[in-house]
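This report refers to the structure that appears directly beneath it.
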Amino acid sequence: MPGLSVYERRWLAVFALTLILLVGLAMWSQSRLASFRDPPIDFYSMRSDELFVVDGLTRRQEGSVKLGFAENYAAPEIGLYGNHISRFFGADAFGRPGDAAYFFNYWFANLALPEIYRYLRHIEQLGHLPRRLLLVQITSPNIDNGHYIINFGYELPPDLLLISPTNENLIESVSLLGAYAWEVVENWLHETLNYSTFILSFMQSGYEDRLIAPADCKPTDTDVRLPAMLQHLPWAVQNIFLEAGVGRNFCDGTSLSAAFRRDGSNDDRYPRARLIKDQDPLIDSQRGLVSGDEYEIARQFRLIDAVGRRHGVKVVFFLPPTYESNRDNSVVNQVFNRALALIPEVAVVDDRKIRSDPTFFVDYLHPAAKYFHFLVDELRSRGFLGKGEGL
């Protein structure tokens with residue numbers, strides 16, 4: 001390194017070594033995380049009153065719990081694919097509480113349309129698509145100012161990102177190879193170089209003790225446990241961690257609020273936030289959609305719809321409402337409306353207008369179970385469900 005002093009060379013060497021060690025530590029900690037995809041959880045074998053607690057898992061791990069189930073077990077008659085916005089959509093909306101063989105909610109973290117498409121293509125290749133109806137939930141454009149509709153959230157496992165559309169020719173496939181490779185790299189970086197991944201690798205427990213029946217939890221239950229890694233330490237050291245609040249009691253309300261029911265949904269009786277109208281500001285410089293994105297949105301709709309058509313399974317997209325004032329004229333809403341105008345052949349239930357009734361919401365983002373009962377009525381009235389079904 002000509003022109004550098006001994007001090008500068010030493011500084012660069014120390015910097016490079018420190019960077020390598022830190023990245024190596026991040027990679028090692030990431031490798032410690034259980035996948036929760038293999039071995040898979042069998043939701044069908046859960047009792048109707050049991051919950052699978054996901055407290056202390058990363059968002060990818062939470063979604064992988066259901067991905068492993070989708071890969072290894074036959075799909076129900078009706079399946080829902082979307083993100084956390086639809087987390088409170090359960091089989092009870094169809095009048096069949098806990099009936100996972102009839103309806104299962106495969107919601108996964110913050111997936112957008114391109115990621116939902118890859119998820120469905122993967123399940124299609126395994127022969128595990130729903131048999132009767134495939135519901136696809138879309139994030140309302142005013143949530144996150146249009147992000148997570150066609151933007152990647154970097155939470156889908158990398159192997160699913162490599163799945164490409166079936167109608168590409170060789171030239172298109174080659175041109176997209178670099179884009180897919182970069183998506184995988186970005187996905188890996190977001191998961192590995194993440195402080196929560198690093199911390200949770202030392203603190204989280206595995207599959208054990210995560211099946212909880214809330215009725216068996218006592219108000220005075222103080223069974224707080226340390227992560228498995230720390231349980232091998234001397235009692236005196238364990239007590240220090242317990243006093244610092246590192247231990248977990250899966251019976252507490254925080255753990256139960258995010259736990260999966262037998263049908264993959266969450267119970268909306270555990271609200272976690274105040275109901276605030278227009279909680280997301282629509283800042284021009286932070287838009288996730290711009291003019292012209294309507295063509296990509298329409299393309300993603302058609303790709304997903306084609307998955308169902310290939311197997312004779314009806315696909316219905318739906319947009320749940322968000323608790324807000326009349327913001328129909330926002331730029332992101334207008335872009336999305338133009339996308340819908342491009343795909344009249346696709347079945348869409350658009351409930352953005354149902355925005356002012358607070359009883360329909362758990363918080364600004366998440367509709368309550370009451371809304372999903374309302375949605376099932378809409379599906380029935382439009383002929384997507386059989387007469388009397390979902391009552």
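Chain labels follow the order of the structure tokens: the first chain is A, the next B, and so on; residue numbering restarts at 1 in every chain, and ligands are counted from 1 in their shown order.
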
> Residues at most 7 Å from Ser35 (chain A), counting only C-alpha atoms, excluding those fewer than 3 positions away in the same chain, as a list in words?
Replying inline: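 In the requested format, the answer is Asp38, Gln61 and Ser64 of chain A.
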
Given only C-alpha atoms, how would the per-residue table for region 28-82 of chain A near region 138-150 of chain A read, listing every residue at most 12 Å away with its closest atom pair and distance in Å to one decimal, sorted by chain and number, as CSV?
```
residue,atom,partner,partner_atom,distance
A:Leu80,CA,A:Ile138,CA,11.0
A:Tyr81,CA,A:Ile138,CA,9.2
A:Gly82,CA,A:Ile138,CA,6.6
```

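Going from CA of Ser291 (chain A) to CA of Ser330 (chain A) covers 12.1 Å.
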
> Could you name the residues that touch Ala213 (chain A) at 7 Å or less, counting only C-alpha atoms, but leaving out those on the same chain fewer than 6 positions away, as a ChimeraX atom specification?
Replying inline: /A:49-51

Expected file: the selected residues, C-alpha atoms, as a JSON list (two decimals), in the first residue's frame:
```
[["chain", "number", "residue", "atom", "x", "y", "z"],
["A", 49, "ASP", "CA", -58.09, -24.86, 22.51],
["A", 50, "GLU", "CA", -54.33, -24.91, 21.93],
["A", 51, "LEU", "CA", -52.12, -22.08, 20.67]]
```

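Of the residues under consideration (A:Asp55, A:Glu71, A:Asp209, A:Glu77), A:Glu71 shows the shortest atom-to-atom contact distance to Leu160 (chain A) when counting only C-alpha atoms.
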
> At what distance in Å, to one decimal, does CA of Tyr154 (chain A) lie from CA of Ile20 (chain A)?
Replying inline: 23.4 Å

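Shortest separation to Pro114 (chain A) among A:Ser257, A:Thr18, A:Gln279, A:Gln300 occurs at residue A:Gln300, atoms counted being only C-alpha atoms.
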
For region 350-353 of chain A, work out the shell of residues within 7 Å, counting only C-alpha atoms and skipping chain neighbours fewer than 6 positions away, then give it as a PDB file with N, CA and C atoms, in the first residue's frame.
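Generated file (out.pdb):
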```pdb
ATOM      1  N   PHE A 318     -58.638  -9.649  -2.015  1.00  0.00           N
ATOM      2  CA  PHE A 318     -59.437  -8.712  -1.229  1.00  0.00           C
ATOM      3  C   PHE A 318     -58.544  -7.685  -0.537  1.00  0.00           C
ATOM      4  N   LEU A 319     -59.069  -6.464  -0.438  1.00  0.00           N
ATOM      5  CA  LEU A 319     -58.384  -5.366   0.231  1.00  0.00           C
ATOM      6  C   LEU A 319     -59.150  -5.027   1.498  1.00  0.00           C
ATOM      7  N   PRO A 320     -58.619  -5.378   2.673  1.00  0.00           N
ATOM      8  CA  PRO A 320     -59.294  -5.003   3.913  1.00  0.00           C
ATOM      9  C   PRO A 320     -59.217  -3.491   4.123  1.00  0.00           C
ATOM     10  N   PRO A 321     -60.114  -2.952   4.910  1.00  0.00           N
ATOM     11  CA  PRO A 321     -60.082  -1.510   5.175  1.00  0.00           C
ATOM     12  C   PRO A 321     -59.026  -1.170   6.218  1.00  0.00           C
ATOM     13  N   THR A 322     -58.712   0.095   6.315  1.00  0.00           N
ATOM     14  CA  THR A 322     -57.881   0.614   7.388  1.00  0.00           C
ATOM     15  C   THR A 322     -58.641   1.743   8.061  1.00  0.00           C
TER      16      THR A 322
END
```

>> Please list as a list in words every residue within 10 Å of Thr359 (chain A), counting only C-alpha atoms and excluding residues in the same chain fewer than 5 positions away.
In response: Pro367, Ala368, Ala369, Lys370 and Tyr371 of chain A

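Nearest residue to Ile41 (chain A), choosing from A:Arg355, A:Arg309, A:Arg132, A:Arg210 and counting only C-alpha atoms: A:Arg210.
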
>> Using only C-alpha atoms, can you tell me which of A:Phe36, A:Phe360, A:Tyr117, A:Phe15 comes closest to Phe372 (chain A)?
In response: A:Phe360

>> Let me make sure I understand: among A:Arg299, A:Arg269, A:Arg274, A:His373, which one has the smallest atom-to-atom distance to Leu340 (chain A) if we use only C-alpha atoms?
In response: A:Arg299

> Interatomic distance between CA of Asp357 (chain A) and CA of Asn151 (chain A)?
Replying inline: 29.3 Å
